[in-house]
$ cat start_24.tsv   # TSV, C-alpha atoms
chain	number	residue	atom	x	y	z
F	1373	MET	CA	22.55	-9.24	12.05
F	1374	THR	CA	18.93	-9.97	12.91
F	1375	VAL	CA	18.05	-10.35	16.57
F	1376	ASP	CA	15.38	-12.03	18.65
F	1377	SER	CA	13.93	-8.67	19.59
F	1378	GLN	CA	13.45	-8.25	23.34
F	1379	ALA	CA	14.44	-11.86	23.93
F	1380	ARG	CA	17.47	-10.75	25.90
F	1381	ALA	CA	16.50	-7.22	26.82
F	1382	GLU	CA	18.76	-5.56	29.38
F	1383	PRO	CA	18.62	-2.21	31.21
F	1384	VAL	CA	20.76	0.44	29.56
F	1385	THR	CA	23.28	2.42	31.54
F	1386	GLY	CA	25.32	4.02	28.72
F	1387	TRP	CA	28.38	3.06	26.71
F	1388	SER	CA	28.95	-0.05	28.81
F	1389	ASP	CA	25.94	-1.48	26.97
F	1390	GLY	CA	27.38	-0.53	23.59
F	1391	VAL	CA	24.45	1.65	22.54
F	1392	LEU	CA	23.19	5.12	23.37
F	1393	PRO	CA	19.43	4.43	23.26
F	1394	TYR	CA	16.65	6.66	22.04
F	1395	ALA	CA	15.66	7.90	25.48
F	1396	PRO	CA	13.23	8.17	27.09
F	1397	LEU	CA	12.59	4.44	26.97
F	1398	SER	CA	9.37	2.49	27.52
F	1399	THR	CA	7.08	5.50	27.12
F	1400	LEU	CA	4.64	6.57	24.42
F	1401	LYS	CA	5.90	8.90	21.69
F	1402	PRO	CA	3.23	10.28	19.35
F	1403	LEU	CA	3.82	9.85	15.62
F	1404	SER	CA	0.45	10.87	14.19
F	1405	ASP	CA	-3.22	10.78	15.10
F	1406	ASP	CA	-3.84	7.42	16.76
F	1407	VAL	CA	-0.25	6.22	16.13
F	1408	TRP	CA	2.54	6.04	18.73
F	1409	TRP	CA	5.92	4.41	18.99
F	1410	VAL	CA	7.85	3.17	22.02
F	1411	ASP	CA	11.63	2.85	22.18
F	1412	GLY	CA	12.38	-0.26	24.21
F	1413	PRO	CA	15.42	-1.63	26.02
F	1414	VAL	CA	18.53	-2.83	24.23
F	1415	ALA	CA	18.42	-6.40	22.91
F	1416	ARG	CA	21.53	-8.51	22.28
F	1417	MET	CA	22.37	-11.11	19.68
F	1418	ARG	CA	25.04	-13.73	20.20
F	1419	VAL	CA	27.56	-14.01	17.37
F	1420	GLY	CA	30.20	-16.48	18.50
F	1421	PRO	CA	31.77	-15.05	21.67
F	1422	LEU	CA	30.27	-11.59	21.02
F	1423	SER	CA	26.97	-10.14	22.18
F	1424	LEU	CA	25.94	-7.42	19.73
F	1425	PRO	CA	23.60	-4.68	21.02
F	1426	PHE	CA	20.54	-3.42	19.13
F	1427	PRO	CA	18.02	-0.72	20.06
F	1428	THR	CA	14.41	-1.93	19.88
F	1429	ARG	CA	11.11	-0.26	19.01
F	1430	MET	CA	7.40	-1.05	18.97
F	1431	ALA	CA	4.42	0.74	17.43
F	1432	ILE	CA	0.84	1.18	18.61
F	1433	VAL	CA	-2.13	1.98	16.37
F	1434	ARG	CA	-5.57	2.80	17.73
F	1435	LEU	CA	-8.10	1.31	15.33
F	1436	ARG	CA	-11.43	2.94	14.54
F	1437	SER	CA	-13.03	0.40	16.87
F	1438	GLY	CA	-11.07	2.02	19.71
F	1439	GLY	CA	-8.99	-1.13	20.19
F	1440	LEU	CA	-5.20	-1.06	20.16
F	1441	TRP	CA	-2.96	-2.88	17.67
F	1442	LEU	CA	0.57	-3.48	18.99
F	1443	TRP	CA	3.38	-4.17	16.51
F	1444	SER	CA	6.58	-5.84	17.72
F	1445	PRO	CA	5.84	-5.37	21.44
F	1446	THR	CA	8.89	-4.43	23.50
F	1447	ALA	CA	9.56	-5.47	27.09
F	1448	PRO	CA	6.83	-3.76	29.14
F	1449	THR	CA	7.06	-1.84	32.38
F	1450	PRO	CA	4.28	-0.96	34.88
F	1451	ALA	CA	4.43	2.67	33.71
F	1452	LEU	CA	4.10	1.67	30.07
F	1453	PHE	CA	1.15	-0.59	30.87
F	1454	ALA	CA	-0.53	2.38	32.56
F	1455	GLU	CA	0.04	4.62	29.55
F	1456	VAL	CA	-1.33	1.99	27.19
F	1457	ASP	CA	-4.37	1.39	29.41
F	1458	ALA	CA	-5.22	5.08	29.06
F	1459	LEU	CA	-5.33	4.76	25.26
F	1460	GLY	CA	-7.87	1.94	25.07
F	1461	PRO	CA	-8.21	-1.83	25.19
F	1462	VAL	CA	-5.36	-3.90	23.72
F	1463	GLU	CA	-6.86	-6.16	21.03
F	1464	HIS	CA	-3.93	-7.32	18.89
F	1465	LEU	CA	-0.31	-8.35	19.59
F	1466	VAL	CA	1.62	-8.66	16.33
F	1467	SER	CA	4.88	-10.49	15.63
F	1468	PRO	CA	6.17	-9.06	12.30
F	1469	ASN	CA	8.83	-11.74	11.82
F	1470	ARG	CA	10.35	-14.73	13.57
F	1471	PHE	CA	12.81	-12.59	15.54
F	1472	HIS	CA	10.25	-10.20	17.05
F	1473	TYR	CA	8.04	-12.07	19.48
F	1474	ALA	CA	9.67	-12.62	22.88
F	1475	SER	CA	7.75	-9.95	24.83
F	1476	ILE	CA	4.35	-11.06	23.57
F	1477	PRO	CA	3.82	-13.42	26.56
F	1478	ALA	CA	4.20	-10.52	29.01
F	1479	TRP	CA	1.63	-8.46	27.12
F	1480	LYS	CA	-0.68	-11.45	26.72
F	1481	ALA	CA	-0.56	-12.05	30.46
F	1482	ARG	CA	-1.69	-8.47	31.02
F	1483	TYR	CA	-4.29	-8.55	28.21
F	1484	PRO	CA	-5.45	-12.18	27.96
F	1485	HIS	CA	-8.27	-11.39	25.52
F	1486	ALA	CA	-5.90	-9.85	22.95
F	1487	THR	CA	-5.20	-11.91	19.83
F	1488	ALA	CA	-1.53	-12.84	19.41
F	1489	TRP	CA	-0.65	-12.97	15.69
F	1490	ALA	CA	2.13	-15.23	14.41
F	1491	SER	CA	4.48	-14.34	11.57
F	1492	PRO	CA	6.00	-17.00	9.26
F	1493	GLY	CA	8.36	-19.28	11.17
F	1494	VAL	CA	7.94	-17.62	14.57
F	1495	ARG	CA	6.52	-20.67	16.32
F	1496	GLU	CA	9.50	-22.78	15.26
F	1497	ARG	CA	11.93	-20.05	16.27
F	1498	ALA	CA	10.37	-19.64	19.71
F	1499	ARG	CA	10.56	-23.39	20.32
F	1500	SER	CA	14.22	-23.47	19.29
F	1501	GLN	CA	14.96	-20.68	21.78
F	1502	ARG	CA	12.84	-22.37	24.48
F	1503	ILE	CA	10.60	-19.33	24.79
F	1504	ASP	CA	7.00	-20.18	25.61
F	1505	VAL	CA	4.72	-18.16	23.31
F	1506	VAL	CA	1.13	-19.08	22.49
F	1507	PHE	CA	-0.21	-17.60	19.24
F	1508	ASP	CA	-3.91	-17.41	18.42
F	1509	ALA	CA	-3.85	-16.71	14.66
F	1510	ASP	CA	-1.53	-16.48	11.65
F	1511	LEU	CA	-0.65	-13.45	9.55
F	1512	GLU	CA	-1.12	-13.84	5.80
F	1513	ASP	CA	-0.59	-11.70	2.70
F	1514	THR	CA	-4.11	-10.35	3.04
F	1515	ALA	CA	-4.98	-8.28	6.11
F	1516	PRO	CA	-7.73	-9.76	8.32
F	1517	ALA	CA	-11.09	-8.02	8.28
F	1518	VAL	CA	-10.56	-6.54	11.75
F	1519	TRP	CA	-7.97	-4.10	10.42
F	1520	ALA	CA	-8.09	-4.43	6.61
F	1521	THR	CA	-9.62	-0.99	6.05
F	1522	GLU	CA	-6.92	0.73	8.11
F	1523	LEU	CA	-3.75	-1.32	7.73
F	1524	GLY	CA	-2.38	-2.95	4.62
F	1525	GLN	CA	-0.02	-5.89	4.96
F	1526	HIS	CA	2.27	-7.97	2.80
F	1527	ILE	CA	4.66	-10.84	3.50
F	1528	PHE	CA	8.09	-9.83	2.17
F	1529	ARG	CA	9.38	-12.99	0.50
F	1530	GLY	CA	12.67	-13.96	-1.11
F	1531	SER	CA	15.10	-14.50	1.76
F	1532	ARG	CA	15.67	-18.06	2.91
F	1533	PHE	CA	16.60	-16.60	6.30
F	1534	VAL	CA	13.49	-14.64	7.25
F	1535	GLU	CA	10.11	-13.66	5.87
F	1536	GLU	CA	8.66	-10.48	7.33
F	1537	VAL	CA	5.13	-9.13	7.37
F	1538	ALA	CA	5.25	-5.45	6.39
F	1539	PHE	CA	2.38	-3.16	7.42
F	1540	PHE	CA	1.14	0.17	6.07
F	1541	HIS	CA	-1.07	2.55	8.03
F	1542	GLY	CA	-2.88	4.51	5.37
F	1543	ALA	CA	-4.21	7.42	7.43
F	1544	SER	CA	-0.70	8.42	8.58
F	1545	SER	CA	1.09	7.10	5.44
F	1546	THR	CA	3.42	5.07	7.67
F	1547	LEU	CA	5.20	1.85	6.68
F	1548	LEU	CA	6.32	-0.48	9.49
F	1549	LEU	CA	9.48	-2.55	8.90
F	1550	ALA	CA	11.09	-4.62	11.64
F	1551	ASP	CA	14.26	-6.02	10.01
F	1552	MET	CA	13.93	-5.56	6.24
F	1553	VAL	CA	15.71	-2.23	6.69
F	1554	MET	CA	18.00	-1.27	9.59
F	1555	ALA	CA	19.56	2.15	10.14
F	1556	LEU	CA	21.78	2.16	13.22
F	1557	GLU	CA	23.44	5.53	13.79
F	1558	PRO	CA	27.24	5.29	14.20
F	1559	ALA	CA	27.29	8.02	16.85
F	1560	ARG	CA	25.00	5.90	19.01
F	1561	LEU	CA	27.22	2.82	18.88
F	1562	HIS	CA	30.41	2.20	20.79
F	1563	PRO	CA	33.33	2.12	18.32
F	1564	ARG	CA	34.09	-1.52	19.10
F	1565	TRP	CA	30.76	-2.54	17.53
F	1566	ARG	CA	30.66	-0.23	14.53
F	1567	TRP	CA	32.85	-2.26	12.20
F	1568	LEU	CA	30.89	-5.48	12.79
F	1569	LEU	CA	27.54	-3.82	12.32
F	1570	THR	CA	28.85	-2.01	9.24
F	1571	LEU	CA	29.85	-5.38	7.75
F	1572	GLY	CA	26.34	-6.58	8.48
F	1573	GLY	CA	24.81	-3.75	6.46
F	1574	THR	CA	22.82	-2.34	9.36
F	1575	MET	CA	24.15	1.22	9.57
F	1576	TRP	CA	22.65	4.61	8.74
F	1577	PRO	CA	21.42	5.74	6.23
F	1578	GLY	CA	20.00	2.23	6.21
F	1579	GLN	CA	19.60	-0.76	3.94
F	1580	THR	CA	18.43	-4.35	3.98
F	1581	PRO	CA	20.86	-6.27	6.24
F	1582	ARG	CA	23.47	-8.22	4.32
F	1583	GLU	CA	22.33	-11.61	5.61
F	1584	VAL	CA	18.89	-11.01	4.11
F	1585	GLN	CA	20.39	-9.91	0.81
F	1586	VAL	CA	22.73	-12.91	0.62
F	1587	THR	CA	20.00	-15.41	1.45
F	1588	SER	CA	17.84	-13.92	-1.31
F	1589	TRP	CA	20.26	-15.01	-4.06
F	1590	GLY	CA	18.33	-17.04	-6.60
F	1591	ARG	CA	15.07	-15.55	-5.32
F	1592	THR	CA	15.58	-11.92	-6.15
F	1593	GLU	CA	12.50	-11.84	-8.37
F	1594	GLN	CA	10.37	-12.72	-5.34
F	1595	ALA	CA	12.11	-10.07	-3.26
F	1596	ARG	CA	11.76	-7.51	-6.05
F	1597	ALA	CA	8.05	-8.21	-6.34
F	1598	SER	CA	7.66	-7.71	-2.59
F	1599	TYR	CA	9.58	-4.44	-2.72
F	1600	GLN	CA	7.34	-3.23	-5.53
F	1601	ARG	CA	4.34	-3.93	-3.30
F	1602	LEU	CA	5.84	-1.71	-0.58
F	1603	ARG	CA	6.72	0.91	-3.15
F	1604	GLU	CA	3.12	1.09	-4.35
F	1605	TRP	CA	2.09	2.31	-0.91
F	1606	GLN	CA	4.33	5.40	-1.37
F	1607	PRO	CA	4.84	5.88	2.39
F	1608	ARG	CA	5.58	9.32	3.75
F	1609	ARG	CA	7.14	7.79	6.86
F	1610	VAL	CA	8.94	4.51	7.56
F	1611	LEU	CA	9.09	3.34	11.17
F	1612	LEU	CA	11.97	0.90	11.68
F	1613	GLY	CA	12.43	-1.69	14.41
F	1614	HIS	CA	16.13	-0.87	14.81
F	1615	GLY	CA	17.80	2.50	14.39
F	1616	ARG	CA	16.76	5.91	13.10
F	1617	CYS	CA	13.36	6.10	11.41
F	1618	TYR	CA	12.53	7.89	8.17
F	1619	LEU	CA	10.03	10.48	9.37
F	1620	GLU	CA	10.00	12.29	6.03
F	1621	ASP	CA	10.76	11.40	2.41
F	1622	GLY	CA	9.89	7.80	3.23
F	1623	ALA	CA	9.38	6.65	-0.36
F	1624	ALA	CA	12.75	8.03	-1.47
F	1625	GLN	CA	14.54	6.53	1.51
F	1626	LEU	CA	12.89	3.19	0.80
F	1627	GLU	CA	14.07	3.27	-2.81
F	1628	ARG	CA	17.65	3.89	-1.70
F	1629	ALA	CA	17.55	1.18	0.99
F	1630	PHE	CA	16.32	-1.41	-1.52
F	1631	ALA	CA	18.72	-0.39	-4.29
F	1632	TRP	CA	20.19	-3.92	-4.18
F	1633	LEU	CA	17.04	-5.15	-5.92
F	1634	ARG	CA	17.38	-2.92	-8.99
$ encode --input "start_24.tsv" --output "structure tokens"
Amino acid sequence: MTVDSQARAEPVTGWSDGVLPYAPLSTLKPLSDDVWWVDGPVARMRVGPLSLPFPTRMAIVRLRSGGLWLWSPTAPTPALFAEVDALGPVEHLVSPNRFHYASIPAWKARYPHATAWASPGVRERARSQRIDVVFDADLEDTAPAVWATELGQHIFRGSRFVEEVAFFHGASSTLLLADMVMALEPARLHPRWRWLLTLGGTMWPGQTPREVQVTSWGRTEQARASYQRLREWQPRRVLLGHGRCYLEDGAAQLERAFAWLR
């Protein structure tokens, strides 16, 4: 049940969109010192004749340099641009996996000197969806020097379907996961979508979506090693791309969500 985040973002008017979003949308919400998140518009994924709705979320970290690091940028608005401008210069636009990239061109147009970072497979995915995205650099297992002292990173491997770059902000003890864990709240979904999204393993209290689990068969040792890397960070918080975040007891919630790897 992974989605090209923001690729088909639509304005939300209520239950007709299938999701009650985490309003207010497209505005900064403080998480910790120099860390904010933004709840974006609903994105939709086509599954046969159906169009499944997903809430979206981005994160912003102000680095010690004063520059801004944007993770999984959501569809921007003029008001959001203004809020971000007040924080500092945008230096990095980060695609955490091949499904979270589609709003990067809009941010790059506004901040042409920012570096757009590509996750594994995102260039190929963008071409297949006919979305024009120009990336300047590639994310690897080791964080680049420009943020290595503030943000840890690791490519979560194992699934044949998607590899995701996980990030950990040490000062706030916050782990950022785009699709490796989803936690959609049933009360925020129209009943007609709940059964499908439950089958997909995307519902609260959260777990790795079923399609990622299934496509990790035969590679569970790789996935387990990646999970252990996340576990070593012992995050206090886990900010998720879709659904309710774990704003406390992050390490325990992570252990439960990845129980399929025990």
$ closest_atom_pairs --input "start_24.tsv" --of "segment 1414-1513 of chain F" --to "segment 1527-1531 of chain F" --cutoff "9 Å" --atoms "all atoms listed in the file" --output "CSV"
residue,atom,partner,partner_atom,distance
F:Ser1491,CA,F:Ile1527,CA,8.8
F:Pro1492,CA,F:Ile1527,CA,8.5
F:Leu1511,CA,F:Ile1527,CA,8.5
F:Glu1512,CA,F:Ile1527,CA,6.9
F:Asp1513,CA,F:Ile1527,CA,5.4
$ closest_residue --input "start_24.tsv" --among "F:Ala1486, F:Ala1481, F:Ala1474, F:Ala1415" --to "Ala1498 of chain F" --atoms "only C-alpha atoms"
F:Ala1474
$ atom_distance --input "start_24.tsv" --atom1 "atom CA of Pro1448 of chain F" --atom2 "atom CA of Arg1429 of chain F"
11.5 Å
$ atom_distance --input "start_24.tsv" --atom1 "atom CA of Val1553 of chain F" --atom2 "atom CA of Trp1632 of chain F"
11.9 Å
$ closest_residue --input "start_24.tsv" --among "F:Ala1538, F:Arg1470, F:Glu1604, F:Gln1594" --to "Ser1500 of chain F" --atoms "only C-alpha atoms"
F:Arg1470
$ closest_residue --input "start_24.tsv" --among "F:Ser1545, F:Gln1606, F:Thr1574, F:Gln1525" --to "Ser1404 of chain F" --atoms "only C-alpha atoms"
F:Ser1545
$ atom_distance --input "start_24.tsv" --atom1 "atom CA of Arg1582 of chain F" --atom2 "atom CA of Ala1624 of chain F"
20.3 Å
$ residues_around --input "start_24.tsv" --residues "His1472 of chain F" --least-positions-apart "5" --cutoff "12 Å" --atoms "all atoms listed in the file" --output "PyMOL selection string"
chain F and resi 1374-1381+1415+1428-1430+1442-1447+1465-1467+1477+1489-1495+1497-1498+1503+1505+1534-1537+1549-1551+1613-1614
$ residues_near_point --input "start_24.tsv" --point "(-5.7, 5.4, 4.6)" --cutoff "8 Å" --atoms "all atoms listed in the file" --output "ChimeraX atom specification"
/F:1521-1523,1541-1545
$ closest_residue --input "start_24.tsv" --among "F:Thr1399, F:Thr1570, F:Thr1592, F:Ser1598" --to "Val1456 of chain F" --atoms "all atoms listed in the file"
F:Thr1399
$ residues_near_point --input "start_24.tsv" --point "(-8.6, 0.2, 13.8)" --cutoff "8 Å" --atoms "all atoms listed in the file" --output "MDAnalysis selection string"
chainID F and resid 1433:1441 1518:1519 1521:1523
$ closest_residue --input "start_24.tsv" --among "F:His1526, F:Arg1634, F:Arg1591, F:Arg1532" --to "Trp1605 of chain F" --atoms "all atoms listed in the file"
F:His1526
